[in-house]
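Just structure.txt here, compact mmCIF, N, CA and C atoms and all ligand atoms:
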```txt
# COMPACT_ATOMS: atom_id res chain seq x y z
N MET U 1289 170.91 -41.63 -25.12
CA MET U 1289 171.56 -40.73 -26.07
C MET U 1289 170.67 -39.54 -26.39
N ALA U 1290 171.27 -38.37 -26.43
CA ALA U 1290 170.53 -37.17 -26.85
C ALA U 1290 170.82 -36.94 -28.32
N SER U 1291 169.77 -36.83 -29.14
CA SER U 1291 169.94 -36.87 -30.59
C SER U 1291 170.70 -35.66 -31.13
N ASP U 1292 170.65 -34.53 -30.41
CA ASP U 1292 171.33 -33.35 -30.93
C ASP U 1292 172.66 -33.09 -30.23
N CYS U 1293 173.19 -34.12 -29.57
CA CYS U 1293 174.41 -33.94 -28.78
C CYS U 1293 175.63 -34.42 -29.56
N ILE U 1294 176.57 -33.51 -29.78
CA ILE U 1294 177.76 -33.85 -30.59
C ILE U 1294 178.61 -34.92 -29.91
N PHE U 1295 178.72 -34.90 -28.59
CA PHE U 1295 179.53 -35.92 -27.93
C PHE U 1295 178.83 -37.28 -27.95
N CYS U 1296 177.51 -37.31 -27.91
CA CYS U 1296 176.80 -38.59 -28.10
C CYS U 1296 177.12 -39.15 -29.48
N LYS U 1297 177.15 -38.26 -30.46
CA LYS U 1297 177.44 -38.71 -31.84
C LYS U 1297 178.87 -39.25 -31.94
N ILE U 1298 179.79 -38.62 -31.26
CA ILE U 1298 181.18 -39.10 -31.26
C ILE U 1298 181.26 -40.45 -30.54
N VAL U 1299 180.64 -40.53 -29.36
CA VAL U 1299 180.64 -41.77 -28.57
C VAL U 1299 180.08 -42.92 -29.40
N ASN U 1300 179.00 -42.64 -30.16
CA ASN U 1300 178.33 -43.68 -30.94
C ASN U 1300 178.89 -43.84 -32.35
N LYS U 1301 180.01 -43.14 -32.62
CA LYS U 1301 180.73 -43.25 -33.89
C LYS U 1301 179.90 -42.80 -35.08
N GLU U 1302 178.93 -41.92 -34.84
CA GLU U 1302 178.19 -41.30 -35.95
C GLU U 1302 179.03 -40.19 -36.55
N ILE U 1303 179.92 -39.61 -35.73
CA ILE U 1303 180.93 -38.66 -36.21
C ILE U 1303 182.27 -39.35 -36.00
N PRO U 1304 183.09 -39.47 -37.06
CA PRO U 1304 184.37 -40.16 -36.90
C PRO U 1304 185.31 -39.42 -35.96
N SER U 1305 185.92 -40.16 -35.08
CA SER U 1305 186.89 -39.58 -34.15
C SER U 1305 187.84 -40.69 -33.73
N ALA U 1306 189.11 -40.36 -33.65
CA ALA U 1306 190.09 -41.36 -33.21
C ALA U 1306 190.11 -41.37 -31.69
N PHE U 1307 189.69 -42.46 -31.10
CA PHE U 1307 189.73 -42.55 -29.64
C PHE U 1307 191.15 -42.87 -29.18
N VAL U 1308 191.62 -42.12 -28.23
CA VAL U 1308 192.92 -42.39 -27.61
C VAL U 1308 192.78 -43.60 -26.69
N TYR U 1309 191.58 -43.74 -26.12
CA TYR U 1309 191.30 -44.84 -25.20
C TYR U 1309 189.79 -44.99 -25.12
N GLU U 1310 189.31 -46.20 -24.90
CA GLU U 1310 187.88 -46.40 -24.65
C GLU U 1310 187.69 -47.64 -23.81
N ASN U 1311 186.64 -47.61 -23.01
CA ASN U 1311 186.22 -48.81 -22.31
C ASN U 1311 184.69 -48.80 -22.24
N GLU U 1312 184.12 -49.66 -21.43
CA GLU U 1312 182.66 -49.79 -21.44
C GLU U 1312 181.95 -48.56 -20.85
N THR U 1313 182.70 -47.73 -20.13
CA THR U 1313 182.10 -46.58 -19.44
C THR U 1313 182.31 -45.27 -20.17
N LEU U 1314 183.46 -45.15 -20.85
CA LEU U 1314 183.83 -43.83 -21.38
C LEU U 1314 184.71 -43.94 -22.61
N VAL U 1315 184.88 -42.80 -23.28
CA VAL U 1315 185.84 -42.71 -24.38
C VAL U 1315 186.73 -41.49 -24.12
N VAL U 1316 187.93 -41.52 -24.73
CA VAL U 1316 188.88 -40.41 -24.62
C VAL U 1316 189.31 -40.02 -26.03
N PHE U 1317 189.22 -38.72 -26.32
CA PHE U 1317 189.71 -38.24 -27.62
C PHE U 1317 190.34 -36.87 -27.46
N LYS U 1318 191.10 -36.46 -28.50
CA LYS U 1318 191.80 -35.17 -28.46
C LYS U 1318 190.81 -34.03 -28.67
N ASP U 1319 190.99 -32.96 -27.90
CA ASP U 1319 190.17 -31.77 -28.11
C ASP U 1319 190.49 -31.18 -29.49
N ILE U 1320 189.42 -30.80 -30.21
CA ILE U 1320 189.59 -30.29 -31.58
C ILE U 1320 190.29 -28.93 -31.59
N SER U 1321 190.24 -28.24 -30.47
CA SER U 1321 190.84 -26.91 -30.37
C SER U 1321 191.69 -26.85 -29.10
N PRO U 1322 192.86 -27.53 -29.15
CA PRO U 1322 193.63 -27.74 -27.92
C PRO U 1322 194.11 -26.45 -27.28
N LYS U 1323 193.99 -26.37 -25.96
CA LYS U 1323 194.44 -25.20 -25.20
C LYS U 1323 195.79 -25.47 -24.52
N ALA U 1324 196.39 -26.62 -24.81
CA ALA U 1324 197.66 -27.01 -24.20
C ALA U 1324 198.31 -28.05 -25.12
N PRO U 1325 199.62 -28.29 -24.97
CA PRO U 1325 200.28 -29.31 -25.81
C PRO U 1325 199.59 -30.66 -25.74
N VAL U 1326 199.11 -31.03 -24.58
CA VAL U 1326 198.26 -32.22 -24.44
C VAL U 1326 196.89 -31.73 -23.97
N HIS U 1327 195.85 -32.06 -24.73
CA HIS U 1327 194.50 -31.67 -24.32
C HIS U 1327 193.54 -32.80 -24.73
N LEU U 1328 193.18 -33.60 -23.74
CA LEU U 1328 192.27 -34.72 -23.97
C LEU U 1328 190.94 -34.45 -23.30
N LEU U 1329 189.89 -35.02 -23.89
CA LEU U 1329 188.56 -34.98 -23.29
C LEU U 1329 188.17 -36.39 -22.89
N ILE U 1330 187.78 -36.54 -21.65
CA ILE U 1330 187.38 -37.84 -21.10
C ILE U 1330 185.87 -37.78 -20.94
N VAL U 1331 185.16 -38.62 -21.72
CA VAL U 1331 183.73 -38.42 -21.93
C VAL U 1331 182.96 -39.72 -21.62
N PRO U 1332 182.05 -39.67 -20.64
CA PRO U 1332 181.26 -40.88 -20.38
C PRO U 1332 180.35 -41.21 -21.55
N ARG U 1333 180.12 -42.49 -21.77
CA ARG U 1333 179.20 -42.90 -22.84
C ARG U 1333 177.77 -42.44 -22.53
N LYS U 1334 177.44 -42.45 -21.25
CA LYS U 1334 176.09 -42.03 -20.84
C LYS U 1334 175.93 -40.52 -21.01
N HIS U 1335 174.79 -40.11 -21.57
CA HIS U 1335 174.55 -38.67 -21.70
C HIS U 1335 174.12 -38.10 -20.36
N ILE U 1336 175.02 -37.29 -19.79
CA ILE U 1336 174.73 -36.55 -18.55
C ILE U 1336 175.06 -35.10 -18.89
N ARG U 1337 174.16 -34.19 -18.61
CA ARG U 1337 174.37 -32.80 -19.07
C ARG U 1337 175.60 -32.15 -18.44
N SER U 1338 175.70 -32.21 -17.14
CA SER U 1338 176.84 -31.56 -16.46
C SER U 1338 177.00 -32.16 -15.08
N ILE U 1339 177.98 -31.68 -14.35
CA ILE U 1339 178.19 -32.12 -12.96
C ILE U 1339 176.90 -31.95 -12.14
N ASN U 1340 176.13 -30.91 -12.45
CA ASN U 1340 174.88 -30.65 -11.71
C ASN U 1340 173.88 -31.80 -11.80
N ASP U 1341 174.00 -32.58 -12.86
CA ASP U 1341 173.00 -33.62 -13.13
C ASP U 1341 173.41 -35.01 -12.66
N LEU U 1342 174.58 -35.10 -12.03
CA LEU U 1342 175.01 -36.41 -11.52
C LEU U 1342 174.11 -36.86 -10.39
N THR U 1343 173.89 -38.16 -10.31
CA THR U 1343 173.16 -38.74 -9.18
C THR U 1343 174.08 -39.76 -8.51
N ALA U 1344 173.63 -40.25 -7.37
CA ALA U 1344 174.44 -41.23 -6.64
C ALA U 1344 174.74 -42.45 -7.50
N ALA U 1345 173.82 -42.79 -8.39
CA ALA U 1345 174.01 -43.96 -9.26
C ALA U 1345 175.17 -43.76 -10.24
N ASP U 1346 175.57 -42.50 -10.43
CA ASP U 1346 176.67 -42.21 -11.37
C ASP U 1346 178.05 -42.26 -10.71
N GLN U 1347 178.10 -42.62 -9.44
CA GLN U 1347 179.41 -42.64 -8.76
C GLN U 1347 180.47 -43.48 -9.47
N PRO U 1348 180.12 -44.66 -10.00
CA PRO U 1348 181.16 -45.44 -10.72
C PRO U 1348 181.68 -44.71 -11.96
N ILE U 1349 180.83 -43.93 -12.61
CA ILE U 1349 181.26 -43.17 -13.79
C ILE U 1349 182.25 -42.09 -13.37
N VAL U 1350 181.93 -41.37 -12.31
CA VAL U 1350 182.82 -40.30 -11.84
C VAL U 1350 184.18 -40.88 -11.45
N SER U 1351 184.15 -42.00 -10.76
CA SER U 1351 185.38 -42.66 -10.37
C SER U 1351 186.20 -43.05 -11.60
N GLU U 1352 185.54 -43.60 -12.58
CA GLU U 1352 186.21 -44.04 -13.81
C GLU U 1352 186.82 -42.84 -14.55
N LEU U 1353 186.14 -41.71 -14.55
CA LEU U 1353 186.68 -40.51 -15.19
C LEU U 1353 188.01 -40.12 -14.56
N ILE U 1354 188.04 -40.11 -13.23
CA ILE U 1354 189.26 -39.69 -12.52
C ILE U 1354 190.40 -40.69 -12.72
N PHE U 1355 190.09 -41.96 -12.59
CA PHE U 1355 191.16 -42.96 -12.74
C PHE U 1355 191.66 -43.03 -14.19
N THR U 1356 190.76 -42.75 -15.13
CA THR U 1356 191.21 -42.71 -16.53
C THR U 1356 192.09 -41.49 -16.77
N ALA U 1357 191.78 -40.38 -16.13
CA ALA U 1357 192.64 -39.19 -16.25
C ALA U 1357 194.04 -39.52 -15.73
N GLN U 1358 194.11 -40.19 -14.60
CA GLN U 1358 195.41 -40.58 -14.04
C GLN U 1358 196.16 -41.46 -15.03
N ARG U 1359 195.45 -42.42 -15.60
CA ARG U 1359 196.06 -43.36 -16.56
C ARG U 1359 196.54 -42.63 -17.82
N MET U 1360 195.70 -41.72 -18.35
CA MET U 1360 196.05 -40.99 -19.57
C MET U 1360 197.26 -40.08 -19.33
N ALA U 1361 197.29 -39.44 -18.16
CA ALA U 1361 198.43 -38.58 -17.83
C ALA U 1361 199.72 -39.38 -17.83
N ARG U 1362 199.63 -40.58 -17.28
CA ARG U 1362 200.80 -41.47 -17.27
C ARG U 1362 201.19 -41.84 -18.70
N GLU U 1363 200.19 -42.23 -19.49
CA GLU U 1363 200.49 -42.68 -20.86
C GLU U 1363 201.01 -41.55 -21.74
N MET U 1364 200.57 -40.32 -21.47
CA MET U 1364 201.05 -39.18 -22.25
C MET U 1364 202.34 -38.61 -21.65
N ALA U 1365 202.83 -39.26 -20.60
CA ALA U 1365 204.09 -38.88 -19.93
C ALA U 1365 204.06 -37.45 -19.40
N ILE U 1366 202.89 -37.04 -18.88
CA ILE U 1366 202.81 -35.72 -18.25
C ILE U 1366 202.50 -35.85 -16.75
N ASP U 1367 202.52 -37.09 -16.27
CA ASP U 1367 202.14 -37.28 -14.86
C ASP U 1367 203.12 -36.62 -13.91
N THR U 1368 204.41 -36.72 -14.21
CA THR U 1368 205.38 -36.15 -13.27
C THR U 1368 205.60 -34.66 -13.50
N THR U 1369 205.45 -34.19 -14.74
CA THR U 1369 205.61 -32.74 -14.98
C THR U 1369 204.38 -31.97 -14.50
N GLY U 1370 203.23 -32.61 -14.51
CA GLY U 1370 202.03 -31.99 -13.98
C GLY U 1370 200.99 -31.70 -15.04
N TYR U 1371 199.75 -31.57 -14.57
CA TYR U 1371 198.63 -31.38 -15.50
C TYR U 1371 197.44 -30.81 -14.75
N ASN U 1372 196.42 -30.42 -15.52
CA ASN U 1372 195.18 -29.90 -14.94
C ASN U 1372 194.01 -30.78 -15.34
N LEU U 1373 193.07 -30.90 -14.41
CA LEU U 1373 191.80 -31.57 -14.68
C LEU U 1373 190.70 -30.55 -14.45
N LEU U 1374 189.77 -30.46 -15.41
CA LEU U 1374 188.76 -29.39 -15.33
C LEU U 1374 187.40 -29.87 -15.82
N PHE U 1375 186.40 -29.58 -15.01
CA PHE U 1375 185.00 -29.70 -15.45
C PHE U 1375 184.45 -28.28 -15.57
N ASN U 1376 184.06 -27.85 -16.74
CA ASN U 1376 183.30 -26.61 -16.86
C ASN U 1376 181.84 -26.95 -16.59
N VAL U 1377 181.17 -26.11 -15.82
CA VAL U 1377 179.79 -26.41 -15.44
C VAL U 1377 178.85 -25.27 -15.83
N GLU U 1378 178.01 -25.56 -16.80
CA GLU U 1378 176.99 -24.63 -17.32
C GLU U 1378 177.65 -23.39 -17.96
N LYS U 1379 176.81 -22.61 -18.60
CA LYS U 1379 177.33 -21.53 -19.46
C LYS U 1379 178.26 -20.57 -18.71
N GLY U 1380 177.85 -20.17 -17.51
CA GLY U 1380 178.67 -19.23 -16.73
C GLY U 1380 179.99 -19.83 -16.28
N GLY U 1381 180.07 -21.16 -16.32
CA GLY U 1381 181.30 -21.86 -15.97
C GLY U 1381 182.11 -22.24 -17.19
N GLY U 1382 181.70 -21.73 -18.35
CA GLY U 1382 182.47 -21.97 -19.57
C GLY U 1382 182.09 -23.22 -20.33
N GLN U 1383 181.03 -23.92 -19.91
CA GLN U 1383 180.64 -25.14 -20.62
C GLN U 1383 179.98 -24.78 -21.94
N GLU U 1384 180.46 -25.44 -23.00
CA GLU U 1384 179.91 -25.20 -24.35
C GLU U 1384 179.24 -26.44 -24.91
N VAL U 1385 179.72 -27.60 -24.50
CA VAL U 1385 179.12 -28.87 -24.93
C VAL U 1385 178.44 -29.48 -23.70
N PHE U 1386 177.12 -29.65 -23.81
CA PHE U 1386 176.35 -30.05 -22.62
C PHE U 1386 176.19 -31.56 -22.53
N HIS U 1387 177.34 -32.20 -22.51
CA HIS U 1387 177.50 -33.64 -22.25
C HIS U 1387 178.75 -33.71 -21.38
N LEU U 1388 178.59 -34.19 -20.18
CA LEU U 1388 179.67 -34.19 -19.19
C LEU U 1388 181.01 -34.62 -19.80
N HIS U 1389 182.06 -33.87 -19.49
CA HIS U 1389 183.40 -34.26 -19.95
C HIS U 1389 184.43 -33.65 -19.03
N LEU U 1390 185.52 -34.36 -18.90
CA LEU U 1390 186.65 -33.92 -18.07
C LEU U 1390 187.80 -33.54 -18.99
N HIS U 1391 188.26 -32.29 -18.87
CA HIS U 1391 189.42 -31.85 -19.64
C HIS U 1391 190.70 -32.29 -18.91
N LEU U 1392 191.62 -32.87 -19.66
CA LEU U 1392 192.97 -33.16 -19.16
C LEU U 1392 193.93 -32.34 -20.00
N THR U 1393 194.60 -31.36 -19.37
CA THR U 1393 195.54 -30.51 -20.10
C THR U 1393 196.90 -30.52 -19.43
N GLY U 1394 197.93 -30.45 -20.23
CA GLY U 1394 199.28 -30.41 -19.70
C GLY U 1394 200.29 -30.48 -20.82
N GLY U 1395 201.51 -30.80 -20.45
CA GLY U 1395 202.55 -30.96 -21.46
C GLY U 1395 203.42 -29.74 -21.62
N TYR U 1396 203.33 -28.80 -20.70
CA TYR U 1396 204.17 -27.60 -20.78
C TYR U 1396 205.57 -27.84 -20.22
N GLY U 1397 205.75 -28.98 -19.56
CA GLY U 1397 207.03 -29.20 -18.88
C GLY U 1397 207.01 -28.53 -17.52
N THR U 1398 208.15 -28.52 -16.85
CA THR U 1398 208.18 -28.00 -15.49
C THR U 1398 208.56 -26.53 -15.42
N LYS U 1399 209.14 -26.00 -16.48
CA LYS U 1399 209.55 -24.59 -16.62
C LYS U 1399 210.59 -24.15 -15.61
P1 LIG U 1401 183.51 -27.14 -22.64
O1 LIG U 1401 183.75 -25.68 -22.89
O2 LIG U 1401 184.00 -27.60 -21.30
O3 LIG U 1401 182.10 -27.56 -22.93
O4 LIG U 1401 184.47 -27.90 -23.63
C1 LIG U 1401 184.05 -28.38 -24.87
C2 LIG U 1401 185.31 -28.74 -25.60
O5 LIG U 1401 184.94 -29.60 -26.67
C3 LIG U 1401 186.03 -27.55 -26.21
O6 LIG U 1401 187.36 -27.49 -25.69
C4 LIG U 1401 186.01 -27.83 -27.71
O7 LIG U 1401 187.21 -27.45 -28.35
C5 LIG U 1401 185.80 -29.34 -27.75
N1 LIG U 1401 185.13 -29.87 -28.93
C6 LIG U 1401 183.99 -29.41 -29.50
N2 LIG U 1401 183.66 -30.18 -30.57
C7 LIG U 1401 184.60 -31.14 -30.65
C8 LIG U 1401 184.82 -32.24 -31.53
N3 LIG U 1401 184.01 -32.50 -32.56
N4 LIG U 1401 185.90 -33.03 -31.33
C9 LIG U 1401 186.76 -32.76 -30.33
N5 LIG U 1401 186.60 -31.75 -29.45
C10 LIG U 1401 185.54 -30.95 -29.62
```
Will you turn the file into structure tokens for me?
Ligand code: AMP
Amino acid sequence: MASDCIFCKIVNKEIPSAFVYENETLVVFKDISPKAPVHLLIVPRKHIRSINDLTAADQPIVSELIFTAQRMAREMAIDTTGYNLLFNVEKGGGQEVFHLHLHLTGGYGTK
């Protein structure tokens, strides 16, 4: 855990947050400033700064992030209408919170 990391604090329940889903690897909660009708953050419990910092040992975490996104999309009923999955990487890539997280956005319908 990184002591000054807001997502570590959320993961460790030092900051209250309603988890949409959690398991031994990760937690899922709503983005505080949603950019879409559905905007979830899928966050590993382990503090990893960004995609750049992943190692081969983190492969099960990456896999779990993707399969949880699939599951959450299904549960939020946006799987068939469609959705986006996004990792922002470092400042130039739009990353603001330096604890790895996968954005799941959708819910606009098919238009
Ligand atoms: P990124 O720009 O990829 O680092 O995304 C960070 C996201 O975290 C942004 O979409 C923020 O709105 C969101 N965020 C920041 N603080 C919180 C919080 N306390 N609870 C939920 N979402 C947050």
task = Tell me, in Å to one decimal, how far atom N of Gly1370 in chain U is from atom C of Lys1323 in chain U.
result =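 According to the coordinates, atom N of Gly1370 in chain U and atom C of Lys1323 in chain U are separated by 14.4 Å.
Of the residues listed (U:His1389, U:Lys1379, U:Arg1333, U:Arg1362), U:Arg1333 shows the shortest atom-to-atom separation from Thr1313 in chain U; distances use all atoms listed in the file.
Contacts with ligand LIG 1401 (chain U) are defined as any residue atom within 7 Å of a ligand atom, using only N, CA and C atoms and all ligand atoms; the residues meeting this criterion are Ile1294, Phe1317, Lys1318, Asp1319, Ile1320, Ser1321, Pro1322, Lys1323, Leu1374, Phe1375, Asn1376, Val1377, Gly1381, Gly1382, Gln1383, Glu1384, Val1385, Phe1386, His1387, His1389 and His1391 of chain U.
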Using N, CA and C atoms, can you export the residues from the last selection as an mmCIF file, in the frame of the given file?
```cif
data_model
loop_
_atom_site.group_PDB
_atom_site.id
_atom_site.type_symbol
_atom_site.label_atom_id
_atom_site.label_comp_id
_atom_site.auth_asym_id
_atom_site.auth_seq_id
_atom_site.Cartn_x
_atom_site.Cartn_y
_atom_site.Cartn_z
ATOM 1 N N ILE U 1294 176.570 -33.510 -29.780
ATOM 2 C CA ILE U 1294 177.760 -33.850 -30.590
ATOM 3 C C ILE U 1294 178.610 -34.920 -29.910
ATOM 4 N N PHE U 1317 189.220 -38.720 -26.320
ATOM 5 C CA PHE U 1317 189.710 -38.240 -27.620
ATOM 6 C C PHE U 1317 190.340 -36.870 -27.460
ATOM 7 N N LYS U 1318 191.100 -36.460 -28.500
ATOM 8 C CA LYS U 1318 191.800 -35.170 -28.460
ATOM 9 C C LYS U 1318 190.810 -34.030 -28.670
ATOM 10 N N ASP U 1319 190.990 -32.960 -27.900
ATOM 11 C CA ASP U 1319 190.170 -31.770 -28.110
ATOM 12 C C ASP U 1319 190.490 -31.180 -29.490
ATOM 13 N N ILE U 1320 189.420 -30.800 -30.210
ATOM 14 C CA ILE U 1320 189.590 -30.290 -31.580
ATOM 15 C C ILE U 1320 190.290 -28.930 -31.590
ATOM 16 N N SER U 1321 190.240 -28.240 -30.470
ATOM 17 C CA SER U 1321 190.840 -26.910 -30.370
ATOM 18 C C SER U 1321 191.690 -26.850 -29.100
ATOM 19 N N PRO U 1322 192.860 -27.530 -29.150
ATOM 20 C CA PRO U 1322 193.630 -27.740 -27.920
ATOM 21 C C PRO U 1322 194.110 -26.450 -27.280
ATOM 22 N N LYS U 1323 193.990 -26.370 -25.960
ATOM 23 C CA LYS U 1323 194.440 -25.200 -25.200
ATOM 24 C C LYS U 1323 195.790 -25.470 -24.520
ATOM 25 N N LEU U 1374 189.770 -30.460 -15.410
ATOM 26 C CA LEU U 1374 188.760 -29.390 -15.330
ATOM 27 C C LEU U 1374 187.400 -29.870 -15.820
ATOM 28 N N PHE U 1375 186.400 -29.580 -15.010
ATOM 29 C CA PHE U 1375 185.000 -29.700 -15.450
ATOM 30 C C PHE U 1375 184.450 -28.280 -15.570
ATOM 31 N N ASN U 1376 184.060 -27.850 -16.740
ATOM 32 C CA ASN U 1376 183.300 -26.610 -16.860
ATOM 33 C C ASN U 1376 181.840 -26.950 -16.590
ATOM 34 N N VAL U 1377 181.170 -26.110 -15.820
ATOM 35 C CA VAL U 1377 179.790 -26.410 -15.440
ATOM 36 C C VAL U 1377 178.850 -25.270 -15.830
ATOM 37 N N GLY U 1381 180.070 -21.160 -16.320
ATOM 38 C CA GLY U 1381 181.300 -21.860 -15.970
ATOM 39 C C GLY U 1381 182.110 -22.240 -17.190
ATOM 40 N N GLY U 1382 181.700 -21.730 -18.350
ATOM 41 C CA GLY U 1382 182.470 -21.970 -19.570
ATOM 42 C C GLY U 1382 182.090 -23.220 -20.330
ATOM 43 N N GLN U 1383 181.030 -23.920 -19.910
ATOM 44 C CA GLN U 1383 180.640 -25.140 -20.620
ATOM 45 C C GLN U 1383 179.980 -24.780 -21.940
ATOM 46 N N GLU U 1384 180.460 -25.440 -23.000
ATOM 47 C CA GLU U 1384 179.910 -25.200 -24.350
ATOM 48 C C GLU U 1384 179.240 -26.440 -24.910
ATOM 49 N N VAL U 1385 179.720 -27.600 -24.500
ATOM 50 C CA VAL U 1385 179.120 -28.870 -24.930
ATOM 51 C C VAL U 1385 178.440 -29.480 -23.700
ATOM 52 N N PHE U 1386 177.120 -29.650 -23.810
ATOM 53 C CA PHE U 1386 176.350 -30.050 -22.620
ATOM 54 C C PHE U 1386 176.190 -31.560 -22.530
ATOM 55 N N HIS U 1387 177.340 -32.200 -22.510
ATOM 56 C CA HIS U 1387 177.500 -33.640 -22.250
ATOM 57 C C HIS U 1387 178.750 -33.710 -21.380
ATOM 58 N N HIS U 1389 182.060 -33.870 -19.490
ATOM 59 C CA HIS U 1389 183.400 -34.260 -19.950
ATOM 60 C C HIS U 1389 184.430 -33.650 -19.030
ATOM 61 N N HIS U 1391 188.260 -32.290 -18.870
ATOM 62 C CA HIS U 1391 189.420 -31.850 -19.640
ATOM 63 C C HIS U 1391 190.700 -32.290 -18.910
#
```
key: Neighbour list for Ile1303 in chain U as a ChimeraX atom specification, cut-off 12 Å, only C-alpha atoms, skip fewer than 6 positions in-chain   = /U:1293-1297
key: Contact residues around Lys1334 in chain U with only C-alpha atoms at 12 Å, ignoring same-chain residues under 2 positions, as an MDAnalysis selection string   = chainID U and resid 1289:1290 1293 1295:1300 1312:1315 1331:1332 1336:1338 1341:1342 1345:1346 1348:1350 1387:1389
task = Using backbone DSSP assignments, extract all strand (DSSP E or B) residues from range 1292-1399 of chain U; output them as a ChimeraX atom specification.
result = /U:1307-1310,1314-1318,1326-1332,1371-1374,1390-1394
For the residues selected in the previous step, produce a file with N, CA and C atoms as an mmCIF file, in the frame of the given file.
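Wrote it out as result.cif, contents follow:
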```cif
data_model
loop_
_atom_site.group_PDB
_atom_site.id
_atom_site.type_symbol
_atom_site.label_atom_id
_atom_site.label_comp_id
_atom_site.auth_asym_id
_atom_site.auth_seq_id
_atom_site.Cartn_x
_atom_site.Cartn_y
_atom_site.Cartn_z
ATOM 1 N N PHE U 1307 189.690 -42.460 -31.100
ATOM 2 C CA PHE U 1307 189.730 -42.550 -29.640
ATOM 3 C C PHE U 1307 191.150 -42.870 -29.180
ATOM 4 N N VAL U 1308 191.620 -42.120 -28.230
ATOM 5 C CA VAL U 1308 192.920 -42.390 -27.610
ATOM 6 C C VAL U 1308 192.780 -43.600 -26.690
ATOM 7 N N TYR U 1309 191.580 -43.740 -26.120
ATOM 8 C CA TYR U 1309 191.300 -44.840 -25.200
ATOM 9 C C TYR U 1309 189.790 -44.990 -25.120
ATOM 10 N N GLU U 1310 189.310 -46.200 -24.900
ATOM 11 C CA GLU U 1310 187.880 -46.400 -24.650
ATOM 12 C C GLU U 1310 187.690 -47.640 -23.810
ATOM 13 N N LEU U 1314 183.460 -45.150 -20.850
ATOM 14 C CA LEU U 1314 183.830 -43.830 -21.380
ATOM 15 C C LEU U 1314 184.710 -43.940 -22.610
ATOM 16 N N VAL U 1315 184.880 -42.800 -23.280
ATOM 17 C CA VAL U 1315 185.840 -42.710 -24.380
ATOM 18 C C VAL U 1315 186.730 -41.490 -24.120
ATOM 19 N N VAL U 1316 187.930 -41.520 -24.730
ATOM 20 C CA VAL U 1316 188.880 -40.410 -24.620
ATOM 21 C C VAL U 1316 189.310 -40.020 -26.030
ATOM 22 N N PHE U 1317 189.220 -38.720 -26.320
ATOM 23 C CA PHE U 1317 189.710 -38.240 -27.620
ATOM 24 C C PHE U 1317 190.340 -36.870 -27.460
ATOM 25 N N LYS U 1318 191.100 -36.460 -28.500
ATOM 26 C CA LYS U 1318 191.800 -35.170 -28.460
ATOM 27 C C LYS U 1318 190.810 -34.030 -28.670
ATOM 28 N N VAL U 1326 199.110 -31.030 -24.580
ATOM 29 C CA VAL U 1326 198.260 -32.220 -24.440
ATOM 30 C C VAL U 1326 196.890 -31.730 -23.970
ATOM 31 N N HIS U 1327 195.850 -32.060 -24.730
ATOM 32 C CA HIS U 1327 194.500 -31.670 -24.320
ATOM 33 C C HIS U 1327 193.540 -32.800 -24.730
ATOM 34 N N LEU U 1328 193.180 -33.600 -23.740
ATOM 35 C CA LEU U 1328 192.270 -34.720 -23.970
ATOM 36 C C LEU U 1328 190.940 -34.450 -23.300
ATOM 37 N N LEU U 1329 189.890 -35.020 -23.890
ATOM 38 C CA LEU U 1329 188.560 -34.980 -23.290
ATOM 39 C C LEU U 1329 188.170 -36.390 -22.890
ATOM 40 N N ILE U 1330 187.780 -36.540 -21.650
ATOM 41 C CA ILE U 1330 187.380 -37.840 -21.100
ATOM 42 C C ILE U 1330 185.870 -37.780 -20.940
ATOM 43 N N VAL U 1331 185.160 -38.620 -21.720
ATOM 44 C CA VAL U 1331 183.730 -38.420 -21.930
ATOM 45 C C VAL U 1331 182.960 -39.720 -21.620
ATOM 46 N N PRO U 1332 182.050 -39.670 -20.640
ATOM 47 C CA PRO U 1332 181.260 -40.880 -20.380
ATOM 48 C C PRO U 1332 180.350 -41.210 -21.550
ATOM 49 N N TYR U 1371 199.750 -31.570 -14.570
ATOM 50 C CA TYR U 1371 198.630 -31.380 -15.500
ATOM 51 C C TYR U 1371 197.440 -30.810 -14.750
ATOM 52 N N ASN U 1372 196.420 -30.420 -15.520
ATOM 53 C CA ASN U 1372 195.180 -29.900 -14.940
ATOM 54 C C ASN U 1372 194.010 -30.780 -15.340
ATOM 55 N N LEU U 1373 193.070 -30.900 -14.410
ATOM 56 C CA LEU U 1373 191.800 -31.570 -14.680
ATOM 57 C C LEU U 1373 190.700 -30.550 -14.450
ATOM 58 N N LEU U 1374 189.770 -30.460 -15.410
ATOM 59 C CA LEU U 1374 188.760 -29.390 -15.330
ATOM 60 C C LEU U 1374 187.400 -29.870 -15.820
ATOM 61 N N LEU U 1390 185.520 -34.360 -18.900
ATOM 62 C CA LEU U 1390 186.650 -33.920 -18.070
ATOM 63 C C LEU U 1390 187.800 -33.540 -18.990
ATOM 64 N N HIS U 1391 188.260 -32.290 -18.870
ATOM 65 C CA HIS U 1391 189.420 -31.850 -19.640
ATOM 66 C C HIS U 1391 190.700 -32.290 -18.910
ATOM 67 N N LEU U 1392 191.620 -32.870 -19.660
ATOM 68 C CA LEU U 1392 192.970 -33.160 -19.160
ATOM 69 C C LEU U 1392 193.930 -32.340 -20.000
ATOM 70 N N THR U 1393 194.600 -31.360 -19.370
ATOM 71 C CA THR U 1393 195.540 -30.510 -20.100
ATOM 72 C C THR U 1393 196.900 -30.520 -19.430
ATOM 73 N N GLY U 1394 197.930 -30.450 -20.230
ATOM 74 C CA GLY U 1394 199.280 -30.410 -19.700
ATOM 75 C C GLY U 1394 200.290 -30.480 -20.820
#
```
query = What is the distance between CA of Thr1393 in chain U and CA of Lys1301 in chain U, in Å to one decimal?
reply =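 We find that CA of Thr1393 in chain U and CA of Lys1301 in chain U lie 23.9 Å from each other.
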inquiry  = Residues near Gly1394 in chain U, anyone? I mean within 6 Å using all atoms listed in the file, not counting same-chain ones fewer than 2 positions away, as a list in words.
reply    =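 Counting all atoms listed in the file, the residues come to Ala1324, Pro1325, Val1326, His1327, Gly1370, Tyr1371, Asn1372, Leu1392, Tyr1396 and Gly1397 of chain U.
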